[in-house]
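Note sheet for the following structure.
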Amino acid sequence: MLREPMGLGVFSPYDRSEEGSAYDLRRLVDAIPREERAAVADYLDSAPLVVAWMCVDRDTISGVPDAVMGGSSIATDGVWIWRCEASYYVRTYGVAIPGPALTRMRQLSWRPPPLAPEDVAALERRVLLRLEEWY
């Protein structure tokens with residue numbers, strides 16, 4: 001059984017603060033080197049989905065409507081958990097993610113490890129229960 005993954009900085013699905021606002025994301029732009037952005041974004045995109053939501057969101061930095069597809073969905077690599085908008089903001093702006101997460105991605109050669117379907121299903125139940133408490 002998976003331990004509870006850590007939230008991926010401003011992209012944590014558990015963060016209820018104002019982080020993730022346009023101001024906050026602008027402060028974190030260009031933190032990831034340009035030459036690594038595609039690899040990081042691809043890693044984030046290829047990790048198992050924990051919760052899939054169909055949505056189209058506004059780019060909170062540029063204000064462009066309908067720019068981020070499925071951004072509220074949630075993915076994990078078993079150690080970290082994030083809203084799927086993370087890949088868009090990393091690829092487009094180089095928005096920062098925690099250093100230990102970036103180190104892990106490099107160590108895994110930019111490929112998230114496979115997770116057992118039963119572990120993902122159990123994590124989905126825990127995530128949904130946690131989110132349900134807030135609403």
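Following the order of the structure tokens, first chain is A, next is B, and so on, with residues numbered from 1 inside each chain and ligands from 1 in the order they appear.
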
Give me the residues near range 119-123 of chain A as a short mmCIF file (atom, residue, chain, number, x, y, z; two decimals) with C-alpha atoms, in the first residue's frame, where near means some atom within 7 Å (using only C-alpha atoms) and where sequence neighbours in that chain fewer than 2 positions away do not count.
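To be explicit, this is the file written out as out-v2.cif:
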data_model
loop_
_atom_site.label_atom_id
_atom_site.label_comp_id
_atom_site.auth_asym_id
_atom_site.auth_seq_id
_atom_site.Cartn_x
_atom_site.Cartn_y
_atom_site.Cartn_z
CA MET A 1 0.00 0.00 0.00
CA LEU A 2 1.26 3.46 -0.91
CA VAL A 50 -5.44 9.17 -9.25
CA LEU A 115 2.22 1.69 -9.58
CA ALA A 116 -0.02 -1.25 -8.78
CA PRO A 117 -3.63 -0.57 -9.82
CA ARG A 125 -10.41 6.71 -2.23
CA ARG A 126 -8.22 8.51 0.32
CA VAL A 127 -7.86 11.61 -1.88
#

### Sel. of alpha helix (DSSP H) residues, chain A, as a ChimeraX atom specification
/A:22-27,34-46,85-93,99-107,117-134

### A:Glu124, A:Glu118, A:Glu85, A:Asp24 ranked by distance to Cys55 in chain A, top pick (using only C-alpha atoms)
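Checking each candidate against Cys55 in chain A, we get A:Glu85 as the closest.
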
### Task
Could you check how far CA of Pro112 in chain A sits from CA of Pro100 in chain A, in Å to one decimal?
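We find that CA of Pro112 in chain A and CA of Pro100 in chain A lie 14.4 Å from each other.
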
### Task
Can you pull out every residue within 7 Å of Val51 in chain A, counting only C-alpha atoms, but drop anything in the same chain fewer than 2 positions away, and send it as a ChimeraX atom specification?
/A:49,53,73-75,124

Next, dump the selected residues to file, keeping only N, CA and C atoms, as a compact mmCIF listing (two decimals), in the first residue's frame.
# COMPACT_ATOMS: atom_id res chain seq x y z
N LEU A 49 -2.85 8.58 -13.20
CA LEU A 49 -3.92 9.45 -12.70
C LEU A 49 -4.54 8.81 -11.47
N TRP A 53 -10.72 14.48 -13.68
CA TRP A 53 -11.86 15.39 -13.83
C TRP A 53 -11.76 16.04 -15.19
N SER A 73 -7.42 17.50 -12.51
CA SER A 73 -7.18 16.08 -12.29
C SER A 73 -5.95 15.93 -11.40
N ILE A 74 -5.79 14.76 -10.80
CA ILE A 74 -4.71 14.54 -9.84
C ILE A 74 -3.92 13.31 -10.25
N ALA A 75 -2.58 13.44 -10.22
CA ALA A 75 -1.68 12.34 -10.58
C ALA A 75 -0.64 12.14 -9.48
N GLU A 124 -6.89 6.84 -4.56
CA GLU A 124 -8.04 7.60 -5.07
C GLU A 124 -9.10 7.74 -3.98

### Query
DSSP on the backbone: what in chain A comes out strand (DSSP E or B), as a PyMOL selection string?
chain A and resi 6-7+49-51+56-57+68-69+74-76+80-83

### Message
Counting only C-alpha atoms, which residue out of A:Ser62, A:Ser46, A:Ile81, A:Arg130 sits closest to Pro98 in chain A?
### Response
A:Ile81
